[in-house]
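Asker: This is the structure, below, for whatever I ask next.
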Amino acid sequence: MSRFADWLSLRRKNRKRVERKRFELPQVNWARLGSALVGVAAVAGLALSLAFALNRPVRMVEMAGSFQRVQPADVERVVRGRLTGGFVTADLDALQSAIEELPWVDRARVLRRWPDGLQVQVTEQVAAARWGASGLLNTRGELFVGHARHVPPELPQLAGPQGTEAQVASLYFQIHPRLLEAGLRVTSLRLDARGAWELDLANGVTVRLGRKQLESRVERFIAVGAPVVAARANDIAYVDMRYSNGFSVGWRTAAAANASAPPTVQPAMQLDLDQDA
């Protein structure tokens with residue numbers, strides 16, 4: 001009987017060793033949780049109430065910027081027509097996009113002004129060149145007005161096939177300051193349907209660049225042709241850069257052609273005209 005009791009006691013000890021600890025749910029302080037939820041709800045309610053109280057109708061639209069081409073009345077009309085919601089809920093991004101659709105508006109920014117107003121900051125486009133008959137390009141080479149009522153005549157005239165505005169403007173912006181350093185000003189730059197380039201200078205000289213090797217021909221003209229043109233602009237009608245080993249000059253008169261030409265100018269018959277120039 002004693003042995004049986006010892007065996008039973010040992011078995012119970014072993015069973016306790018292999019028993020796993022049961023998972024117990026953490027104690028929840030329902031009172032504290034309820035208080036926290038009530039606090040969150042109170043804060044949210046207060047925020048909504050405050051927003052509702054502040055969302056008063058927009059009564060004032062203030063303009064900021066230098067208005068030369070853009071009419072402030074046009075901007076305010078767009079704001080009033082596109083405005084939805086009140087002071088707090090007004091969609092400022094939508095208003096900004098609508099204002100930037102106006103002619104001559106480059107960028108716009110709309111800000112809230114306490115207690116019931118909006119401020120519109122407008123940056124106007126800067127016309128850098130004419131495009132075609134009556135278009136205008138900005139300083140990024142973008143056509144921002146297709147048919148301008150007033151085209152500033154002092155702007156350079158750029159032209160090319162539809163969709164080449166940025167390409168033509170890019171070349172103009174590259175060569176214009178460099179030729180100014182040489183005393184020459186570009187008044188016109190053209191790209192024809194064949195892909196051939198030609199530019200006019202303020203002194204009346206035309207420079208034919210052709211279709212191929214545009215970069216090298218421009219560099220050659222700036223380095224060698226521009227000094228010749230600057231020295232004898234009154235005698236020169238055009239400069240033809242479409243040669244692989246030099247350039248030729250078209251003289252205005254026979255007397256000018258018979259006069260002593262600079263050593264850098266060679267007769268066209270001695271030059272190699274590039275194929276498909």
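Following the order of the structure tokens, first chain is A, next is B, and so on, with residues numbered from 1 inside each chain and ligands from 1 in the order they appear.
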For His150 in chain A, work out the shell of residues within 12 Å, counting only C-alpha atoms and skipping chain neighbours fewer than 3 positions away, then give it as a list in words.
Answerer: Arg69, Ala127, Arg130, Ala133, Ser134, Gly135, Leu136, Val145, Gly146, His147, Pro153, Glu154 and Leu155 of chain A
Asker: Please return, as a ChimeraX atom specification, all residues of range 26-187 of chain A that DSSP assigns to alpha helix (DSSP H) on the basis of the backbone.
Answerer: /A:30-54,72-82,92-99,165-181
Asker: Figure out the distance between CA of Trp251 in chain A and CA of Leu179 in chain A, please, to one decimal in Å.
Answerer: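 Atom-to-atom, CA of Leu179 in chain A and CA of Trp251 in chain A are spaced 21.0 Å apart.
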Asker: Can you pull out the residues contacting Trp114 in chain A? Cut-off 12 Å, using only C-alpha atoms, and skip same-chain residues under 3 positions away; I want them as a list in words.
Answerer: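 Counting only C-alpha atoms, the residues come to Leu54, Asn55, Arg56, Pro57, Val58, Arg59, Met60, Val61, Glu62, Phe87, Val88, Leu111, Gly117, Leu118 and Gln119 of chain A.
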Asker: Excluding Phe173 in chain A and its own-chain neighbours fewer than 4 positions away, which residues fall within 10 Å of it when counting only C-alpha atoms? Please give them as number ranges by chain.
Answerer: A: 128, 139-141, 168-169, 177-178
Asker: Show which residues sit within 9 Å of range 77-84 of chain A, as a list in words. Count only C-alpha atoms, and ignore same-chain residues fewer than 2 positions away.
Answerer: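 My reading of the contact set: Val58, Val61, Pro72, Ala73, Asp74, Val75, Gly86, Thr89, Ala90, Asp91, Leu92, Ala94, Leu95, Gln96, Ala98, Ile99, Leu102 and Val120 of chain A.
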Asker: Could you find all residues in range 47-235 of chain A that DSSP calls strand (DSSP E or B) from the backbone, and write them as number ranges by chain?
Answerer: A: 60-64, 105-113, 117-124, 127-131, 135-138, 143-145, 157-159, 186-191, 197-201, 206-210
Asker: Just C-alpha atoms for this one: save the residues we selected as a PDB file, in the first residue's frame.
Answerer:
ATOM      1  CA  MET A  60     -13.096  89.107 -50.072  1.00  0.00           C
ATOM      2  CA  VAL A  61     -10.681  88.209 -52.925  1.00  0.00           C
ATOM      3  CA  GLU A  62      -7.378  90.085 -52.755  1.00  0.00           C
ATOM      4  CA  MET A  63      -5.028  90.327 -55.772  1.00  0.00           C
ATOM      5  CA  ALA A  64      -1.232  90.360 -55.532  1.00  0.00           C
ATOM      6  CA  VAL A 105      -0.981  83.748 -66.615  1.00  0.00           C
ATOM      7  CA  ASP A 106       2.176  81.732 -66.025  1.00  0.00           C
ATOM      8  CA  ARG A 107       1.701  80.699 -62.392  1.00  0.00           C
ATOM      9  CA  ALA A 108      -0.920  81.329 -59.734  1.00  0.00           C
ATOM     10  CA  ARG A 109      -1.110  80.720 -55.987  1.00  0.00           C
ATOM     11  CA  VAL A 110      -4.209  80.985 -53.811  1.00  0.00           C
ATOM     12  CA  LEU A 111      -3.948  81.509 -50.040  1.00  0.00           C
ATOM     13  CA  ARG A 112      -6.509  81.870 -47.239  1.00  0.00           C
ATOM     14  CA  ARG A 113      -6.651  85.222 -45.476  1.00  0.00           C
ATOM     15  CA  GLY A 117     -10.858  86.163 -47.606  1.00  0.00           C
ATOM     16  CA  LEU A 118      -8.586  84.678 -50.263  1.00  0.00           C
ATOM     17  CA  GLN A 119      -5.393  86.127 -51.695  1.00  0.00           C
ATOM     18  CA  VAL A 120      -4.487  85.349 -55.321  1.00  0.00           C
ATOM     19  CA  GLN A 121      -0.843  85.750 -56.327  1.00  0.00           C
ATOM     20  CA  VAL A 122      -0.344  85.892 -60.102  1.00  0.00           C
ATOM     21  CA  THR A 123       2.887  85.692 -62.114  1.00  0.00           C
ATOM     22  CA  GLU A 124       2.472  86.750 -65.709  1.00  0.00           C
ATOM     23  CA  ALA A 127       7.136  86.900 -73.972  1.00  0.00           C
ATOM     24  CA  ALA A 128      10.600  86.006 -75.284  1.00  0.00           C
ATOM     25  CA  ALA A 129       9.885  85.557 -78.992  1.00  0.00           C
ATOM     26  CA  ARG A 130       7.214  85.671 -81.668  1.00  0.00           C
ATOM     27  CA  TRP A 131       6.062  82.425 -83.222  1.00  0.00           C
ATOM     28  CA  GLY A 135       1.984  83.469 -81.611  1.00  0.00           C
ATOM     29  CA  LEU A 136       4.112  84.176 -78.554  1.00  0.00           C
ATOM     30  CA  LEU A 137       6.705  81.983 -76.830  1.00  0.00           C
ATOM     31  CA  ASN A 138       7.765  82.326 -73.204  1.00  0.00           C
ATOM     32  CA  LEU A 143       3.652  78.659 -77.001  1.00  0.00           C
ATOM     33  CA  PHE A 144       1.353  80.379 -74.505  1.00  0.00           C
ATOM     34  CA  VAL A 145      -0.642  82.549 -76.929  1.00  0.00           C
ATOM     35  CA  GLN A 157      10.681  86.064 -85.100  1.00  0.00           C
ATOM     36  CA  LEU A 158      10.847  82.263 -84.758  1.00  0.00           C
ATOM     37  CA  ALA A 159       9.121  79.839 -87.107  1.00  0.00           C
ATOM     38  CA  VAL A 186      19.508  87.486 -84.214  1.00  0.00           C
ATOM     39  CA  THR A 187      16.169  88.848 -85.436  1.00  0.00           C
ATOM     40  CA  SER A 188      14.772  85.689 -87.032  1.00  0.00           C
ATOM     41  CA  LEU A 189      15.336  81.934 -86.873  1.00  0.00           C
ATOM     42  CA  ARG A 190      13.526  79.486 -89.155  1.00  0.00           C
ATOM     43  CA  LEU A 191      13.248  75.727 -89.451  1.00  0.00           C
ATOM     44  CA  TRP A 197      17.856  76.017 -90.536  1.00  0.00           C
ATOM     45  CA  GLU A 198      18.314  79.666 -91.461  1.00  0.00           C
ATOM     46  CA  LEU A 199      18.709  82.819 -89.401  1.00  0.00           C
ATOM     47  CA  ASP A 200      18.613  86.558 -90.058  1.00  0.00           C
ATOM     48  CA  LEU A 201      20.741  89.154 -88.312  1.00  0.00           C
ATOM     49  CA  THR A 206      21.126  85.832 -93.654  1.00  0.00           C
ATOM     50  CA  VAL A 207      23.041  82.796 -92.390  1.00  0.00           C
ATOM     51  CA  ARG A 208      22.240  79.463 -94.036  1.00  0.00           C
ATOM     52  CA  LEU A 209      22.941  76.556 -91.680  1.00  0.00           C
ATOM     53  CA  GLY A 210      21.250  73.709 -93.558  1.00  0.00           C
TER      54      GLY A 210
END
Asker: Check the smallest atom-to-atom distance from each of A:Ala166, A:Arg211, A:Tyr243, A:Ala182 to Ala223 in chain A using only C-alpha atoms, then report the winner.
Answerer: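 Of the candidates, the smallest distance to Ala223 in chain A is held by A:Ala182.
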